[in-house]
file my_file30.cif (mmCIF, C-alpha atoms)
data_entry
loop_
_atom_site.group_PDB
_atom_site.id
_atom_site.type_symbol
_atom_site.label_atom_id
_atom_site.label_comp_id
_atom_site.auth_asym_id
_atom_site.auth_seq_id
_atom_site.Cartn_x
_atom_site.Cartn_y
_atom_site.Cartn_z
ATOM 1 C CA MET A 1 81.863 79.655 65.302
ATOM 2 C CA VAL A 2 83.554 80.631 62.066
ATOM 3 C CA PHE A 3 87.336 80.767 62.186
ATOM 4 C CA ALA A 4 89.468 82.617 59.656
ATOM 5 C CA THR A 5 93.042 83.577 59.004
ATOM 6 C CA THR A 6 94.490 86.450 57.047
ATOM 7 C CA ASP A 7 98.117 85.377 57.470
ATOM 8 C CA ARG A 8 99.895 84.448 54.278
ATOM 9 C CA GLY A 9 102.719 82.662 56.083
ATOM 10 C CA THR A 10 103.242 78.952 56.441
ATOM 11 C CA LEU A 11 101.727 78.903 59.951
ATOM 12 C CA PRO A 12 98.329 80.611 59.803
ATOM 13 C CA LYS A 13 96.904 82.088 62.998
ATOM 14 C CA TRP A 14 93.227 81.276 63.405
ATOM 15 C CA GLU A 15 90.776 83.716 64.951
ATOM 16 C CA VAL A 16 87.016 83.613 65.504
ATOM 17 C CA THR A 17 85.456 86.005 62.961
ATOM 18 C CA ALA A 18 81.758 85.165 63.077
ATOM 19 C CA PHE A 19 79.087 83.081 64.777
ATOM 20 C CA VAL A 20 76.365 81.053 63.027
ATOM 21 C CA ASP A 21 72.955 81.173 64.719
ATOM 22 C CA GLN A 22 71.986 77.638 63.655
ATOM 23 C CA GLN A 23 73.736 74.284 63.987
ATOM 24 C CA VAL A 24 76.087 73.415 61.140
ATOM 25 C CA ASP A 25 76.707 69.818 62.156
ATOM 26 C CA GLY A 26 74.235 67.162 63.260
ATOM 27 C CA GLU A 27 71.214 66.165 61.213
ATOM 28 C CA PRO A 28 70.734 67.826 57.801
ATOM 29 C CA ALA A 29 69.048 71.207 58.160
ATOM 30 C CA GLU A 30 67.156 73.595 55.929
ATOM 31 C CA GLY A 31 65.805 77.003 56.792
ATOM 32 C CA ALA A 32 67.082 80.479 57.515
ATOM 33 C CA PHE A 33 70.412 81.087 59.242
ATOM 34 C CA GLY A 34 72.774 83.993 59.688
ATOM 35 C CA LEU A 35 76.270 85.122 60.598
ATOM 36 C CA PHE A 36 76.869 87.458 63.521
ATOM 37 C CA THR A 37 79.841 89.272 65.041
ATOM 38 C CA ASP A 38 78.921 88.152 68.576
ATOM 39 C CA PRO A 39 77.999 84.806 70.202
ATOM 40 C CA ASP A 40 74.645 86.202 71.410
ATOM 41 C CA HIS A 41 73.583 86.884 67.786
ATOM 42 C CA LEU A 42 72.841 90.562 68.385
ATOM 43 C CA ARG A 43 75.060 92.132 65.688
ATOM 44 C CA PRO A 44 74.280 90.624 62.268
ATOM 45 C CA ILE A 45 76.740 90.379 59.380
ATOM 46 C CA CYS A 46 74.498 88.660 56.829
ATOM 47 C CA ARG A 47 71.654 86.157 56.594
ATOM 48 C CA ALA A 48 70.279 83.443 54.338
ATOM 49 C CA LEU A 49 66.487 83.827 54.390
ATOM 50 C CA GLU A 50 64.012 80.929 54.425
ATOM 51 C CA PRO A 51 64.589 78.989 51.189
ATOM 52 C CA GLU A 52 62.070 78.945 48.380
ATOM 53 C CA ALA A 53 61.331 75.484 46.995
ATOM 54 C CA ALA A 54 60.789 75.012 43.261
ATOM 55 C CA ASP A 55 58.943 72.237 41.432
ATOM 56 C CA ASP A 56 62.236 70.761 40.195
ATOM 57 C CA GLY A 57 63.347 70.100 43.801
ATOM 58 C CA SER A 58 65.757 73.017 44.080
ATOM 59 C CA LEU A 59 65.925 75.231 47.170
ATOM 60 C CA THR A 60 66.949 78.878 46.767
ATOM 61 C CA TYR A 61 68.182 80.983 49.671
ATOM 62 C CA THR A 62 68.253 84.749 49.234
ATOM 63 C CA ALA A 63 71.308 86.171 51.001
ATOM 64 C CA VAL A 64 71.034 89.634 52.538
ATOM 65 C CA ASP A 65 73.450 91.894 54.399
ATOM 66 C CA ASP A 66 72.884 93.412 57.852
ATOM 67 C CA ARG A 67 70.607 96.106 56.372
ATOM 68 C CA GLY A 68 68.505 93.698 54.292
ATOM 69 C CA SER A 69 70.124 94.481 50.920
ATOM 70 C CA THR A 70 70.434 91.471 48.635
ATOM 71 C CA LEU A 71 73.914 89.949 48.303
ATOM 72 C CA GLY A 72 72.780 87.257 45.845
ATOM 73 C CA THR A 73 71.217 83.816 45.984
ATOM 74 C CA VAL A 74 72.450 80.358 46.927
ATOM 75 C CA THR A 75 70.627 77.434 45.320
ATOM 76 C CA ARG A 76 70.753 73.725 46.124
ATOM 77 C CA VAL A 77 70.379 72.102 42.726
ATOM 78 C CA PRO A 78 69.002 68.532 42.686
ATOM 79 C CA ALA A 79 71.145 65.831 41.136
ATOM 80 C CA SER A 80 70.558 65.050 37.473
ATOM 81 C CA HIS A 81 71.195 61.354 38.138
ATOM 82 C CA ARG A 82 70.046 59.203 41.068
ATOM 83 C CA ARG A 83 73.591 58.108 41.964
ATOM 84 C CA LEU A 84 74.832 61.690 42.259
ATOM 85 C CA LYS A 85 74.374 64.112 45.150
ATOM 86 C CA HIS A 86 72.845 67.542 44.791
ATOM 87 C CA THR A 87 75.131 70.432 43.925
ATOM 88 C CA TRP A 88 75.112 74.172 44.571
ATOM 89 C CA ARG A 89 74.974 77.425 42.635
ATOM 90 C CA ILE A 90 75.683 81.015 43.681
ATOM 91 C CA ASP A 91 74.076 83.823 41.685
ATOM 92 C CA ALA A 92 75.748 87.181 42.343
ATOM 93 C CA PRO A 93 73.917 90.478 41.733
ATOM 94 C CA ASP A 94 76.269 91.327 38.833
ATOM 95 C CA GLY A 95 75.103 88.228 36.937
ATOM 96 C CA ALA A 96 78.051 85.968 37.804
ATOM 97 C CA VAL A 97 76.986 82.332 38.230
ATOM 98 C CA VAL A 98 79.285 80.153 40.356
ATOM 99 C CA GLU A 99 78.725 76.394 40.487
ATOM 100 C CA GLY A 100 79.828 74.136 43.321
ATOM 101 C CA ARG A 101 80.837 70.780 41.880
ATOM 102 C CA ASN A 102 82.233 67.682 43.520
ATOM 103 C CA VAL A 103 86.001 67.906 43.035
ATOM 104 C CA TRP A 104 86.042 64.640 41.066
ATOM 105 C CA ALA A 105 83.380 65.909 38.671
ATOM 106 C CA ALA A 106 85.156 69.244 38.285
ATOM 107 C CA ARG A 107 88.598 67.750 37.706
ATOM 108 C CA GLY A 108 89.796 68.508 34.204
ATOM 109 C CA LEU A 109 87.228 71.269 33.712
ATOM 110 C CA LEU A 110 89.244 73.921 35.499
ATOM 111 C CA THR A 111 91.839 76.469 34.495
ATOM 112 C CA ARG A 112 94.303 76.411 37.363
ATOM 113 C CA GLY A 113 97.108 78.886 37.817
ATOM 114 C CA LEU A 114 100.098 78.540 40.138
ATOM 115 C CA GLY A 115 98.345 80.319 43.016
ATOM 116 C CA ASP A 116 94.872 78.854 42.524
ATOM 117 C CA ARG A 117 95.163 76.349 45.368
ATOM 118 C CA LEU A 118 96.742 78.689 47.926
ATOM 119 C CA PRO A 119 94.668 80.201 50.744
ATOM 120 C CA LEU A 120 95.705 83.765 49.795
ATOM 121 C CA GLY A 121 94.442 85.167 53.068
ATOM 122 C CA HIS A 122 90.846 84.056 52.599
ATOM 123 C CA LEU A 123 90.741 80.786 54.553
ATOM 124 C CA VAL A 124 87.663 80.134 56.667
ATOM 125 C CA GLY A 125 86.282 77.216 58.636
ATOM 126 C CA ALA A 126 83.245 76.609 60.814
ATOM 127 C CA SER A 127 84.925 73.907 62.854
ATOM 128 C CA ASN A 128 87.620 73.864 65.520
ATOM 129 C CA PRO A 129 90.953 74.201 63.672
ATOM 130 C CA GLY A 130 92.917 72.855 66.647
ATOM 131 C CA ARG A 131 91.499 69.346 66.194
ATOM 132 C CA ASP A 132 93.304 66.682 64.153
ATOM 133 C CA ASN A 133 91.407 65.604 61.021
ATOM 134 C CA TRP A 134 88.852 68.358 61.503
ATOM 135 C CA THR A 135 87.294 68.351 58.041
ATOM 136 C CA ARG A 136 84.290 66.172 57.219
ATOM 137 C CA GLY A 137 81.920 65.907 54.323
ATOM 138 C CA ARG A 138 82.527 66.218 50.628
ATOM 139 C CA SER A 139 84.836 68.592 48.809
ATOM 140 C CA LEU A 140 83.483 71.028 46.238
ATOM 141 C CA ASP A 141 85.234 73.208 43.685
ATOM 142 C CA TRP A 142 83.268 76.415 43.098
ATOM 143 C CA THR A 143 83.849 77.532 39.520
ATOM 144 C CA ILE A 144 82.755 80.172 37.070
ATOM 145 C CA ALA A 145 82.557 79.586 33.338
ATOM 146 C CA ALA A 146 85.241 81.324 31.306
ATOM 147 C CA PRO A 147 83.875 84.308 29.351
ATOM 148 C CA GLU A 148 83.245 83.439 25.712
ATOM 149 C CA ASP A 149 85.320 86.370 24.470
ATOM 150 C CA THR A 150 88.548 84.981 26.028
ATOM 151 C CA GLY A 151 88.624 81.910 23.808
ATOM 152 C CA ARG A 152 89.200 79.670 26.862
ATOM 153 C CA GLN A 153 86.887 76.722 27.238
ATOM 154 C CA ALA A 154 87.738 75.713 30.816
ATOM 155 C CA ASP A 155 86.105 76.970 33.997
ATOM 156 C CA THR A 156 88.040 79.038 36.537
ATOM 157 C CA LEU A 157 88.325 77.962 40.180
ATOM 158 C CA LEU A 158 87.019 80.627 42.580
ATOM 159 C CA MET A 159 86.705 78.696 45.833
ATOM 160 C CA SER A 160 87.184 75.226 47.292
ATOM 161 C CA SER A 161 85.340 73.870 50.297
ATOM 162 C CA THR A 162 85.036 70.735 52.368
ATOM 163 C CA SER A 163 81.543 70.953 53.763
ATOM 164 C CA ALA A 164 81.391 73.927 56.150
ATOM 165 C CA ASP A 165 84.629 72.871 57.793
ATOM 166 C CA LEU A 166 87.146 74.460 55.467
ATOM 167 C CA ALA A 167 86.862 76.838 52.546
ATOM 168 C CA TYR A 168 89.170 79.192 50.753
ATOM 169 C CA LEU A 169 88.903 81.681 47.970
ATOM 170 C CA THR A 170 91.455 81.984 45.205
ATOM 171 C CA GLU A 171 92.661 85.451 44.165
ATOM 172 C CA ARG A 172 90.082 85.429 41.362
ATOM 173 C CA GLY A 173 87.398 84.260 43.795
ATOM 174 C CA ALA A 174 88.108 87.172 46.130
ATOM 175 C CA ASP A 175 87.611 89.527 43.163
ATOM 176 C CA VAL A 176 84.331 87.943 42.001
ATOM 177 C CA LEU A 177 82.534 86.797 45.152
ATOM 178 C CA ASP A 178 81.378 88.797 48.143
ATOM 179 C CA ARG A 179 82.939 86.903 51.092
ATOM 180 C CA ARG A 180 79.664 87.014 52.998
ATOM 181 C CA LEU A 181 77.817 85.340 50.112
ATOM 182 C CA ALA A 182 80.601 82.752 49.754
ATOM 183 C CA MET A 183 80.469 81.955 53.476
ATOM 184 C CA LEU A 184 76.684 81.576 53.450
ATOM 185 C CA ALA A 185 76.948 79.196 50.467
ATOM 186 C CA VAL A 186 79.543 77.013 52.185
ATOM 187 C CA ILE A 187 77.535 76.884 55.419
ATOM 188 C CA ALA A 188 74.286 76.088 53.544
ATOM 189 C CA GLU A 189 76.068 73.211 51.798
ATOM 190 C CA GLY A 190 77.462 71.936 55.104
ATOM 191 C CA ARG A 191 74.060 72.096 56.783
ATOM 192 C CA SER A 192 72.523 69.996 54.006
ATOM 193 C CA LEU A 193 74.772 67.003 54.761
ATOM 194 C CA ARG A 194 74.724 64.587 57.670
ATOM 195 C CA HIS A 195 77.666 65.042 60.067
ATOM 196 C CA ARG A 196 78.469 63.106 63.197
#

call {"tool": "encode", "arguments": {"input": "my_file30.cif", "output": "structure tokens"}}
result
Amino acid sequence: MVFATTDRGTLPKWEVTAFVDQQVDGEPAEGAFGLFTDPDHLRPICRALEPEAADDGSLTYTAVDDRGSTLGTVTRVPASHRRLKHTWRIDAPDGAVVEGRNVWAARGLLTRGLGDRLPLGHLVGASNPGRDNWTRGRSLDWTIAAPEDTGRQADTLLMSSTSADLAYLTERGADVLDRRLAMLAVIAEGRSLRHR
């Protein structure tokens, strides 16, 4: 199940907003998966198709909506160094490229405004929010490079996630990313890690 809240208050109310047709936790998983409005997986919202493997070790999922129109791609990018874990990239149809970096690697590279770390009504999680300590896995900051014409050199935070357990879009992220594409990216990242 995917839970979400649209409340901007201090006590968010969680509701089930979607269902994933494949396991998110357990052993690492690759392959197609989708989001549905019902637990029987009869009414699709969007889907990540079978990934295409490249010679460099990357896996690219094409994300489509309920009618089969492309929402963008989500790519697992292999680590450039053996001690690092793979990272993720979202390519939107408008040409925007969003990179998911480990929060420690991204620290200092971001332009953060006052509201950048607030949920802003776009909080989602694929775990049970009633449980204590319900997030697992690694935390990623999903950023977009600042346009060259602005003179800024830092990246802008669009979304933060902790595996598939908790993710939220910033105001800028809600403007740039289709929420369906963002959700598929977070779930693909969560499925690629080992959870117990």

call {"tool": "resolve_selection", "arguments": {"input": "my_file30.cif", "expression": "the PyMOL selection byres ((chain A and resi 50) around 10)", "output": "list of chain:residue names"}}
result
A:Glu30, A:Gly31, A:Ala32, A:Phe33, A:Arg47, A:Ala48, A:Leu49, A:Pro51, A:Glu52, A:Ala53, A:Leu59, A:Thr60, A:Tyr61, A:Thr62, A:Ala63

call {"tool": "write_last_selection", "arguments": {"input": "my_file30.cif", "atoms": "C-alpha atoms", "output": "PDB file, keeping the file's coordinate frame"}}
result
ATOM      1  CA  GLU A  30      67.156  73.595  55.929  1.00  0.00           C
ATOM      2  CA  GLY A  31      65.805  77.003  56.792  1.00  0.00           C
ATOM      3  CA  ALA A  32      67.082  80.479  57.515  1.00  0.00           C
ATOM      4  CA  PHE A  33      70.412  81.087  59.242  1.00  0.00           C
ATOM      5  CA  ARG A  47      71.654  86.157  56.594  1.00  0.00           C
ATOM      6  CA  ALA A  48      70.279  83.443  54.338  1.00  0.00           C
ATOM      7  CA  LEU A  49      66.487  83.827  54.390  1.00  0.00           C
ATOM      8  CA  PRO A  51      64.589  78.989  51.189  1.00  0.00           C
ATOM      9  CA  GLU A  52      62.070  78.945  48.380  1.00  0.00           C
ATOM     10  CA  ALA A  53      61.331  75.484  46.995  1.00  0.00           C
ATOM     11  CA  LEU A  59      65.925  75.231  47.170  1.00  0.00           C
ATOM     12  CA  THR A  60      66.949  78.878  46.767  1.00  0.00           C
ATOM     13  CA  TYR A  61      68.182  80.983  49.671  1.00  0.00           C
ATOM     14  CA  THR A  62      68.253  84.749  49.234  1.00  0.00           C
ATOM     15  CA  ALA A  63      71.308  86.171  51.001  1.00  0.00           C
TER      16      ALA A  63
END

call {"tool": "residues_near_point", "arguments": {"input": "my_file30.cif", "point": "(86.7, 84.9, 65.1)", "cutoff": "10 Å", "atoms": "only C-alpha atoms", "output": "PDB file with C-alpha atoms, in the coordinates of the input"}}
result
ATOM      1  CA  MET A   1      81.863  79.655  65.302  1.00  0.00           C
ATOM      2  CA  VAL A   2      83.554  80.631  62.066  1.00  0.00           C
ATOM      3  CA  PHE A   3      87.336  80.767  62.186  1.00  0.00           C
ATOM      4  CA  ALA A   4      89.468  82.617  59.656  1.00  0.00           C
ATOM      5  CA  THR A   5      93.042  83.577  59.004  1.00  0.00           C
ATOM      6  CA  TRP A  14      93.227  81.276  63.405  1.00  0.00           C
ATOM      7  CA  GLU A  15      90.776  83.716  64.951  1.00  0.00           C
ATOM      8  CA  VAL A  16      87.016  83.613  65.504  1.00  0.00           C
ATOM      9  CA  THR A  17      85.456  86.005  62.961  1.00  0.00           C
ATOM     10  CA  ALA A  18      81.758  85.165  63.077  1.00  0.00           C
ATOM     11  CA  PHE A  19      79.087  83.081  64.777  1.00  0.00           C
ATOM     12  CA  THR A  37      79.841  89.272  65.041  1.00  0.00           C
ATOM     13  CA  ASP A  38      78.921  88.152  68.576  1.00  0.00           C
ATOM     14  CA  VAL A 124      87.663  80.134  56.667  1.00  0.00           C
ATOM     15  CA  ALA A 126      83.245  76.609  60.814  1.00  0.00           C
TER      16      ALA A 126
END

call {"tool": "atom_distance", "arguments": {"input": "my_file30.cif", "atom1": "CA of Leu140 (chain A)", "atom2": "CA of Arg101 (chain A)"}}
result
5.1 Å

call {"tool": "closest_residue", "arguments": {"input": "my_file30.cif", "among": "A:Leu166, A:Leu71, A:Val77, A:Pro28", "to": "Arg179 (chain A)", "atoms": "all atoms listed in the file"}}
result
A:Leu71

call {"tool": "resolve_selection", "arguments": {"input": "my_file30.cif", "expression": "the PyMOL selection byres ((chain A and resi 182-188) around 9)", "output": "VMD selection string"}}
result
chain A and resid 20 24 29 to 30 33 to 35 46 to 48 61 63 73 to 76 88 to 90 124 126 159 161 to 167 169 177 to 181 189 to 192

call {"tool": "atom_distance", "arguments": {"input": "my_file30.cif", "atom1": "CA of Asn102 (chain A)", "atom2": "CA of Thr143 (chain A)"}}
result
10.8 Å

call {"tool": "atom_distance", "arguments": {"input": "my_file30.cif", "atom1": "CA of Gly173 (chain A)", "atom2": "CA of Pro39 (chain A)"}}
result
28.0 Å

call {"tool": "residues_near_point", "arguments": {"input": "my_file30.cif", "point": "(63.6, 67.9, 41.6)", "cutoff": "9 Å", "atoms": "only C-alpha atoms", "output": "list of chain:residue names"}}
result
A:Ala54, A:Asp55, A:Asp56, A:Gly57, A:Ser58, A:Val77, A:Pro78, A:Ala79, A:Ser80
